[in-house]
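Source file: structure.tsv (TSV, C-alpha atoms)
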chain	number	residue	atom	x	y	z
R	2	MET	CA	-19.35	0.80	-126.53
R	3	GLN	CA	-21.87	1.59	-123.81
R	4	ASN	CA	-23.16	-1.10	-121.45
R	5	GLN	CA	-25.15	-1.30	-118.24
R	6	GLU	CA	-22.17	-0.30	-116.13
R	7	LEU	CA	-21.59	2.87	-118.16
R	8	SER	CA	-24.93	4.43	-117.29
R	9	LEU	CA	-25.68	8.15	-117.24
R	10	TRP	CA	-25.05	8.73	-113.54
R	11	TYR	CA	-21.83	6.76	-113.70
R	12	LEU	CA	-20.62	9.25	-116.31
R	13	GLU	CA	-21.80	12.10	-114.08
R	14	ASN	CA	-19.96	10.53	-111.12
R	15	ILE	CA	-23.12	10.18	-109.04
R	16	ASP	CA	-24.60	7.00	-107.60
R	17	VAL	CA	-28.32	7.62	-108.13
R	18	SER	CA	-29.18	4.11	-106.98
R	19	ASN	CA	-28.19	5.05	-103.44
R	20	PHE	CA	-30.85	7.77	-103.38
R	21	PHE	CA	-33.56	5.31	-104.42
R	22	CYS	CA	-32.42	2.34	-102.30
R	23	PRO	CA	-30.19	3.84	-99.60
R	24	LYS	CA	-27.56	1.37	-98.46
R	25	LYS	CA	-27.57	2.91	-94.99
R	26	MET	CA	-31.19	1.87	-94.44
R	27	GLY	CA	-31.99	-1.24	-92.51
R	28	GLU	CA	-33.11	-4.20	-94.60
R	29	ALA	CA	-36.75	-3.85	-93.55
R	30	MET	CA	-36.86	-0.14	-94.45
R	31	GLN	CA	-35.07	-0.73	-97.73
R	32	HIS	CA	-37.68	-3.29	-98.78
R	33	GLU	CA	-40.35	-0.61	-98.47
R	34	HIS	CA	-38.74	1.10	-101.45
R	35	ILE	CA	-38.37	-2.08	-103.53
R	36	LYS	CA	-41.27	-3.40	-105.60
R	37	ALA	CA	-41.28	-6.66	-107.57
R	38	PHE	CA	-43.20	-7.21	-110.81
R	39	ASN	CA	-43.77	-10.28	-112.94
R	40	LYS	CA	-43.46	-10.29	-116.72
R	41	ASN	CA	-46.23	-8.16	-118.34
R	42	ASP	CA	-47.19	-6.49	-115.03
R	43	PHE	CA	-47.75	-2.74	-115.27
R	44	ILE	CA	-45.87	-0.41	-112.93
R	45	PHE	CA	-48.20	2.40	-113.96
R	46	LEU	CA	-50.83	3.09	-116.62
R	47	PRO	CA	-52.12	6.17	-118.44
R	48	ASN	CA	-54.26	8.29	-116.09
R	49	ASP	CA	-52.54	6.95	-112.97
R	50	LYS	CA	-51.40	9.58	-110.50
R	51	ASN	CA	-48.10	11.14	-111.57
R	52	ASP	CA	-46.25	11.35	-108.26
R	53	ARG	CA	-43.51	8.70	-108.18
R	54	ILE	CA	-40.16	8.08	-109.83
R	55	TYR	CA	-38.38	4.74	-110.25
R	56	LEU	CA	-35.02	3.08	-110.72
R	57	ILE	CA	-34.73	-0.42	-112.24
R	58	ARG	CA	-32.89	-2.70	-109.84
R	59	GLU	CA	-33.24	-5.85	-111.96
R	60	GLY	CA	-35.06	-6.58	-115.20
R	61	GLN	CA	-36.34	-4.59	-118.14
R	62	ILE	CA	-39.16	-2.05	-118.61
R	63	LYS	CA	-41.10	-0.91	-121.65
R	64	ILE	CA	-42.35	2.68	-121.73
R	65	GLY	CA	-45.17	3.34	-124.17
R	66	THR	CA	-48.58	4.81	-124.85
R	67	TYR	CA	-51.72	4.02	-126.84
R	68	SER	CA	-52.99	5.75	-129.97
R	69	ASP	CA	-56.60	6.91	-130.30
R	70	ASN	CA	-57.50	3.59	-131.95
R	71	GLY	CA	-55.88	1.61	-129.14
R	72	LYS	CA	-52.67	0.66	-130.93
R	73	GLU	CA	-49.64	0.30	-128.67
R	74	ILE	CA	-46.77	2.69	-129.35
R	75	THR	CA	-43.44	1.85	-127.71
R	76	LYS	CA	-41.37	4.90	-126.76
R	77	SER	CA	-38.38	3.21	-125.16
R	78	ILE	CA	-37.11	0.00	-123.61
R	79	ILE	CA	-34.83	0.44	-120.61
R	80	GLY	CA	-32.94	-1.88	-118.30
R	81	LYS	CA	-31.06	-2.33	-115.06
R	82	GLY	CA	-29.83	0.89	-113.49
R	83	GLU	CA	-32.00	3.22	-115.56
R	84	VAL	CA	-34.51	5.74	-114.18
R	85	PHE	CA	-38.08	6.26	-115.40
R	86	GLY	CA	-41.13	8.28	-114.38
R	87	GLU	CA	-38.92	11.37	-114.21
R	88	LEU	CA	-41.64	13.67	-115.62
R	89	SER	CA	-43.33	13.52	-112.20
R	90	LEU	CA	-40.64	16.03	-111.14
R	91	VAL	CA	-41.91	18.66	-113.59
R	92	ASP	CA	-45.52	17.62	-114.17
R	93	GLU	CA	-46.67	16.61	-110.69
R	94	GLY	CA	-50.37	16.75	-109.93
R	95	THR	CA	-51.35	15.57	-113.40
R	96	LYS	CA	-52.11	12.07	-114.68
R	97	ARG	CA	-49.66	9.75	-116.40
R	98	ARG	CA	-49.79	9.83	-120.19
R	99	ASP	CA	-47.63	6.72	-120.67
R	100	PHE	CA	-47.55	3.20	-119.32
R	101	ALA	CA	-44.57	1.32	-117.85
R	102	GLN	CA	-44.66	-2.46	-118.21
R	103	ALA	CA	-42.26	-5.17	-117.03
R	104	MET	CA	-40.86	-7.21	-119.91
R	105	GLU	CA	-39.49	-9.87	-117.55
R	106	SER	CA	-39.31	-10.45	-113.81
R	107	THR	CA	-38.32	-7.00	-112.58
R	108	GLN	CA	-37.50	-5.15	-109.37
R	109	VAL	CA	-37.69	-1.38	-109.07
R	110	CYS	CA	-36.86	1.04	-106.31
R	111	GLU	CA	-39.45	3.79	-106.03
R	112	LEU	CA	-39.41	7.23	-104.46
R	113	SER	CA	-42.05	9.93	-104.26
R	114	SER	CA	-41.37	12.96	-106.42
R	115	ASP	CA	-41.67	15.14	-103.28
R	116	ASP	CA	-38.89	13.18	-101.58
R	117	MET	CA	-36.73	13.40	-104.69
R	118	LYS	CA	-37.23	17.17	-104.89
R	119	MET	CA	-36.07	17.49	-101.28
R	120	LEU	CA	-32.95	15.49	-102.12
R	121	MET	CA	-32.30	17.65	-105.18
R	122	LYS	CA	-32.23	20.77	-102.99
R	123	ASP	CA	-29.27	19.33	-101.09
R	124	HIS	CA	-27.49	17.69	-104.03
R	125	SER	CA	-26.88	19.92	-107.05
R	126	ASN	CA	-25.35	17.04	-109.01
R	127	LEU	CA	-28.64	15.16	-108.64
R	128	SER	CA	-30.51	18.10	-110.18
R	129	LEU	CA	-27.99	18.13	-113.05
R	130	PHE	CA	-28.50	14.41	-113.59
R	131	PHE	CA	-32.28	14.78	-114.01
R	132	MET	CA	-31.93	17.84	-116.21
R	133	LYS	CA	-29.64	15.90	-118.54
R	134	LEU	CA	-31.83	12.78	-118.36
R	135	ILE	CA	-34.97	14.65	-119.40
R	136	GLY	CA	-33.06	16.53	-122.09
R	137	SER	CA	-31.53	13.36	-123.55
R	138	ARG	CA	-34.92	11.63	-123.72
R	139	ILE	CA	-36.48	14.60	-125.47
R	140	LEU	CA	-33.66	14.47	-128.03
R	141	ASP	CA	-34.18	10.71	-128.47
R	142	MET	CA	-37.89	11.25	-129.16
R	143	GLU	CA	-37.14	14.04	-131.64
R	144	LYS	CA	-34.70	11.78	-133.49
R	145	ARG	CA	-37.27	8.98	-133.61
R	146	LEU	CA	-39.94	11.35	-134.91
R	147	GLU	CA	-37.60	12.64	-137.62
R	148	SER	CA	-36.77	9.05	-138.55
R	149	MET	CA	-40.46	8.16	-138.94
R	150	VAL	CA	-41.07	11.22	-141.13
R	151	PHE	CA	-38.00	11.12	-143.36
R	152	LYS	CA	-36.78	7.49	-143.44
R	153	ASP	CA	-38.27	4.29	-144.79
R	154	SER	CA	-39.13	1.23	-142.71
R	155	ARG	CA	-35.99	-0.67	-143.68
R	156	THR	CA	-33.69	2.16	-142.60
R	157	ARG	CA	-35.55	2.65	-139.29
R	158	ILE	CA	-35.24	-1.02	-138.41
R	159	ILE	CA	-31.54	-1.25	-139.26
R	160	GLU	CA	-30.80	1.99	-137.41
R	161	TYR	CA	-32.56	0.63	-134.32
R	162	VAL	CA	-30.48	-2.56	-134.46
R	163	LEU	CA	-27.37	-0.38	-134.65
R	164	GLU	CA	-28.64	1.67	-131.69
R	165	LEU	CA	-29.10	-1.52	-129.64
R	166	VAL	CA	-25.53	-2.57	-130.42
R	167	GLU	CA	-24.12	0.84	-129.50
R	168	LYS	CA	-26.04	1.07	-126.23
R	169	LYS	CA	-26.15	-2.53	-125.02
R	170	GLY	CA	-23.70	-4.47	-127.14
R	171	GLN	CA	-20.75	-6.35	-125.68
R	172	ARG	CA	-17.71	-6.93	-127.86
R	173	VAL	CA	-16.70	-10.55	-128.37
R	174	GLY	CA	-13.63	-10.60	-130.59
R	175	TYR	CA	-14.64	-8.87	-133.81
R	176	GLU	CA	-18.35	-9.40	-133.11
R	177	PHE	CA	-20.93	-7.74	-130.87
R	178	VAL	CA	-23.60	-9.49	-128.83
R	179	VAL	CA	-26.81	-7.98	-127.43
R	180	ARG	CA	-28.41	-10.23	-124.82
R	181	ASN	CA	-32.15	-10.45	-124.13
R	182	PHE	CA	-32.92	-9.54	-127.73
R	183	LEU	CA	-36.40	-8.14	-128.36
R	184	THR	CA	-39.23	-9.86	-130.17
R	185	HIS	CA	-39.95	-8.80	-133.73
R	186	GLN	CA	-43.24	-7.27	-132.56
R	187	GLU	CA	-41.44	-5.17	-129.92
R	188	ILE	CA	-39.01	-3.88	-132.57
R	189	ALA	CA	-41.97	-3.13	-134.84
R	190	ASN	CA	-43.71	-1.16	-132.07
R	191	ILE	CA	-40.67	1.00	-131.42
R	192	THR	CA	-39.84	1.62	-135.11
R	193	ALA	CA	-43.45	2.19	-136.24
R	194	THR	CA	-43.28	-0.71	-138.69
R	195	SER	CA	-44.91	-4.15	-138.86
R	196	ARG	CA	-43.75	-7.45	-137.39
R	197	GLN	CA	-43.62	-8.95	-140.90
R	198	THR	CA	-41.33	-6.14	-142.10
R	199	VAL	CA	-38.98	-6.58	-139.13
R	200	THR	CA	-38.80	-10.34	-139.77
R	201	THR	CA	-38.07	-9.78	-143.47
R	202	ILE	CA	-35.28	-7.25	-142.83
R	203	LEU	CA	-33.59	-9.26	-140.08
R	204	ASN	CA	-33.69	-12.43	-142.18
R	205	GLU	CA	-32.20	-10.49	-145.11
R	206	LEU	CA	-29.28	-9.34	-142.91
R	207	LYS	CA	-28.92	-12.88	-141.58
R	208	ASN	CA	-28.74	-14.30	-145.11
R	209	LYS	CA	-25.99	-11.78	-145.88
R	210	ASP	CA	-24.10	-13.15	-142.83
R	211	ILE	CA	-24.12	-9.68	-141.23
R	212	LEU	CA	-25.92	-10.86	-138.10
R	213	THR	CA	-27.67	-13.80	-136.51
R	214	PHE	CA	-30.31	-13.85	-133.79
R	215	ASN	CA	-32.69	-15.80	-131.60
R	216	ARG	CA	-34.98	-14.86	-128.73
R	217	LYS	CA	-32.10	-14.70	-126.26
R	218	ARG	CA	-29.51	-12.72	-128.18
R	219	LEU	CA	-28.50	-10.78	-131.26
R	220	LEU	CA	-25.01	-11.39	-132.65
R	221	VAL	CA	-23.66	-8.81	-135.09
R	222	ARG	CA	-20.86	-10.33	-137.13
R	223	ASP	CA	-19.87	-7.20	-139.05
R	224	LEU	CA	-20.71	-3.75	-137.64
R	225	GLU	CA	-19.33	-1.89	-140.67
R	226	LYS	CA	-21.56	-3.83	-143.05
R	227	ILE	CA	-24.65	-2.80	-141.03
R	228	LYS	CA	-23.60	0.84	-141.37
R	229	GLU	CA	-23.15	0.30	-145.11
R	230	GLU	CA	-26.70	-1.12	-145.31
R	231	ILE	CA	-27.98	2.17	-143.88
R	232	ALA	CA	-25.77	4.33	-146.10
R	233	VAL	CA	-26.93	2.79	-149.38
R	234	HIS	CA	-30.59	3.45	-148.52
R	235	VAL	CA	-30.28	7.02	-147.20
Written as structure tokens, how would this file's structure read?
Amino acid sequence: MQNQELSLWYLENIDVSNFFCPKKMGEAMQHEHIKAFNKNDFIFLPNDKNDRIYLIREGQIKIGTYSDNGKEITKSIIGKGEVFGELSLVDEGTKRRDFAQAMESTQVCELSSDDMKMLMKDHSNLSLFFMKLIGSRILDMEKRLESMVFKDSRTRIIEYVLELVEKKGQRVGYEFVVRNFLTHQEIANITATSRQTVTTILNELKNKDILTFNRKRLLVRDLEKIKEEIAVHV
């Protein structure tokens, strides 16, 4: 089961955080790279200059965009130790298409894309990390698009709960807990469903004693039963 310690660069045996917030820097210099944001603050917005890349030091970030009619579309929700804004490395000089918003009090370390490109010239493993990061996020978006086209709302919601457990869940005996559980509206935004549908499905699973939840955490009592719920509707 993945958690925050088993992040992508840990698996690649590279400490990316040290490139963003170098430990060898003096405290004053290091603070120049660290930015603090309150809940709901935007790190960047669509049409902002696309020239910086970020690592989450503390907190949680929502990456999303807006449809033509102004509806918010959530692409991903990422947490401590994860990198975002990576498209500035391949699309520099353009404007941002997405927004990045703090979901709680958050600290990020930022670096210009030019500085990161200089570092990548000297560190081949850093280049490999970003190549795999961009590739994995493209695959995630393709999977989500396929899910929206071919699967019903109920299946999308349950699959996303399972994804949360697999990526952020911590095993507690025979159960799994996901802390800082999302609001029903946030789940609706990322699964292209409605808040009412999310509430209905989660309450259904709760009544079956498969899971329980509140604003602070999700507790999955039986992981196999969640998988069975998906299987019977596919």
Can you tell me which residues surround Tyr55 (chain R) at a distance of at most 9 Å, considering only C-alpha atoms, apart from same-chain residues fewer than 3 positions away, and format the answer as a list in words?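 The contact residues come out as Phe21, Glu83, Val84, Phe85, Gly86, Glu87, Val109, Cys110, Glu111, Leu112 and Ser113 of chain R.
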Excluding region 155-167 of chain R and its own-chain neighbours fewer than 2 positions away, which residues fall within 9 Å of it when counting all atoms listed in the file? Please give them as a PDB file with C-alpha atoms, in the coordinates of the input.
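Listed below is the output, part05.pdb:
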ATOM      1  CA  MET R   2     -19.350   0.800-126.530  1.00  0.00           C
ATOM      2  CA  GLN R   3     -21.870   1.590-123.810  1.00  0.00           C
ATOM      3  CA  ASN R   4     -23.160  -1.100-121.450  1.00  0.00           C
ATOM      4  CA  ARG R 145     -37.270   8.980-133.610  1.00  0.00           C
ATOM      5  CA  SER R 148     -36.770   9.050-138.550  1.00  0.00           C
ATOM      6  CA  MET R 149     -40.460   8.160-138.940  1.00  0.00           C
ATOM      7  CA  LYS R 152     -36.780   7.490-143.440  1.00  0.00           C
ATOM      8  CA  ASP R 153     -38.270   4.290-144.790  1.00  0.00           C
ATOM      9  CA  LYS R 169     -26.150  -2.530-125.020  1.00  0.00           C
ATOM     10  CA  GLY R 170     -23.700  -4.470-127.140  1.00  0.00           C
ATOM     11  CA  GLN R 171     -20.750  -6.350-125.680  1.00  0.00           C
ATOM     12  CA  PHE R 177     -20.930  -7.740-130.870  1.00  0.00           C
ATOM     13  CA  VAL R 178     -23.600  -9.490-128.830  1.00  0.00           C
ATOM     14  CA  VAL R 179     -26.810  -7.980-127.430  1.00  0.00           C
ATOM     15  CA  ILE R 188     -39.010  -3.880-132.570  1.00  0.00           C
ATOM     16  CA  ALA R 189     -41.970  -3.130-134.840  1.00  0.00           C
ATOM     17  CA  ILE R 191     -40.670   1.000-131.420  1.00  0.00           C
ATOM     18  CA  THR R 192     -39.840   1.620-135.110  1.00  0.00           C
ATOM     19  CA  ALA R 193     -43.450   2.190-136.240  1.00  0.00           C
ATOM     20  CA  THR R 194     -43.280  -0.710-138.690  1.00  0.00           C
ATOM     21  CA  THR R 198     -41.330  -6.140-142.100  1.00  0.00           C
ATOM     22  CA  VAL R 199     -38.980  -6.580-139.130  1.00  0.00           C
ATOM     23  CA  ILE R 202     -35.280  -7.250-142.830  1.00  0.00           C
ATOM     24  CA  LEU R 203     -33.590  -9.260-140.080  1.00  0.00           C
ATOM     25  CA  LEU R 219     -28.500 -10.780-131.260  1.00  0.00           C
ATOM     26  CA  VAL R 221     -23.660  -8.810-135.090  1.00  0.00           C
ATOM     27  CA  LEU R 224     -20.710  -3.750-137.640  1.00  0.00           C
ATOM     28  CA  ILE R 227     -24.650  -2.800-141.030  1.00  0.00           C
ATOM     29  CA  LYS R 228     -23.600   0.840-141.370  1.00  0.00           C
ATOM     30  CA  GLU R 230     -26.700  -1.120-145.310  1.00  0.00           C
ATOM     31  CA  ILE R 231     -27.980   2.170-143.880  1.00  0.00           C
ATOM     32  CA  ALA R 232     -25.770   4.330-146.100  1.00  0.00           C
ATOM     33  CA  HIS R 234     -30.590   3.450-148.520  1.00  0.00           C
ATOM     34  CA  VAL R 235     -30.280   7.020-147.200  1.00  0.00           C
TER      35      VAL R 235
END
Option closest in space to Met119 (chain R), from R:Leu134, R:Leu90, R:Ala37, R:Leu56 [counting only C-alpha atoms]: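 When distances to Met119 (chain R) are compared using only C-alpha atoms, the smallest one comes from R:Leu90.
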For CA of Ile79 (chain R) and CA of Ile62 (chain R), the interatomic separation in Å (one decimal):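 These two atoms are separated by 5.4 Å.
The spacing separating CA of Arg172 (chain R) from CA of Ile211 (chain R) amounts to 15.1 Å.
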Skipping near chain neighbours, those fewer than 5 positions away, what residues fall within 10 Å of Thr184 (chain R) using only C-alpha atoms, listed as a PyMOL selection string? chain R and resi 189-190+196+199-200+215-217
Residue neighbourhood Leu120 (chain R), 12 Å, only C-alpha atoms, exclusion window fewer than 4 positions, as a ChimeraX atom specification: /R:17,19-21,90,112-116,124-128,131
At what distance in Å, to one decimal, does CA of Asp52 (chain R) lie from CA of Ile78 (chain R)?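 We find that CA of Ile78 (chain R) and CA of Asp52 (chain R) lie 21.2 Å from each other.
When all atoms listed in the file are used to measure the gap to Gln108 (chain R), the shortest distance among R:Leu212, R:Val173, R:Val91, R:Ile57 belongs to R:Ile57.
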Identify which of the residues R:Glu187, R:Glu176, R:Glu59, R:Asp42 lies closest to Leu220 (chain R), counting all atoms listed in the file when measuring atom-to-atom distances. R:Glu176
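Excluding Lys63 (chain R) itself and same-chain residues fewer than 5 positions from it, the residues having an atom within 7 Å of it are Ser77, Ile78, Ile79, Ala101, Gln102, Ala103 and Met104 of chain R, counting all atoms listed in the file.
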Missing atoms of region 72-83 of chain R rebuilt to N, CA and C atoms, written as a JSON list (two decimals), in the coordinates of the input:
[["chain", "number", "residue", "atom", "x", "y", "z"],
["R", 72, "LYS", "N", -53.92, 1.31, -130.55],
["R", 72, "LYS", "CA", -52.67, 0.66, -130.93],
["R", 72, "LYS", "C", -51.55, 1.05, -129.98],
["R", 73, "GLU", "N", -50.76, 0.04, -129.58],
["R", 73, "GLU", "CA", -49.64, 0.30, -128.67],
["R", 73, "GLU", "C", -48.49, 0.96, -129.41],
["R", 74, "ILE", "N", -47.93, 2.01, -128.80],
["R", 74, "ILE", "CA", -46.77, 2.69, -129.35],
["R", 74, "ILE", "C", -45.66, 2.62, -128.31],
["R", 75, "THR", "N", -44.56, 1.97, -128.63],
["R", 75, "THR", "CA", -43.44, 1.85, -127.71],
["R", 75, "THR", "C", -42.52, 3.06, -127.85],
["R", 76, "LYS", "N", -42.26, 3.74, -126.75],
["R", 76, "LYS", "CA", -41.37, 4.90, -126.76],
["R", 76, "LYS", "C", -39.93, 4.52, -126.47],
["R", 77, "SER", "N", -39.73, 3.63, -125.50],
["R", 77, "SER", "CA", -38.38, 3.21, -125.16],
["R", 77, "SER", "C", -38.42, 1.91, -124.38],
["R", 78, "ILE", "N", -37.30, 1.21, -124.40],
["R", 78, "ILE", "CA", -37.11, 0.00, -123.61],
["R", 78, "ILE", "C", -35.84, 0.20, -122.80],
["R", 79, "ILE", "N", -35.95, 0.12, -121.49],
["R", 79, "ILE", "CA", -34.83, 0.44, -120.61],
["R", 79, "ILE", "C", -34.56, -0.71, -119.65],
["R", 80, "GLY", "N", -33.35, -0.74, -119.12],
["R", 80, "GLY", "CA", -32.94, -1.88, -118.30],
["R", 80, "GLY", "C", -32.32, -1.49, -116.98],
["R", 81, "LYS", "N", -31.64, -2.44, -116.41],
["R", 81, "LYS", "CA", -31.06, -2.33, -115.06],
["R", 81, "LYS", "C", -30.26, -1.04, -114.90],
["R", 82, "GLY", "N", -30.56, -0.33, -113.80],
["R", 82, "GLY", "CA", -29.83, 0.89, -113.49],
["R", 82, "GLY", "C", -30.41, 2.15, -114.07],
["R", 83, "GLU", "N", -31.44, 2.03, -114.93],
["R", 83, "GLU", "CA", -32.00, 3.22, -115.56],
["R", 83, "GLU", "C", -33.21, 3.74, -114.77]]
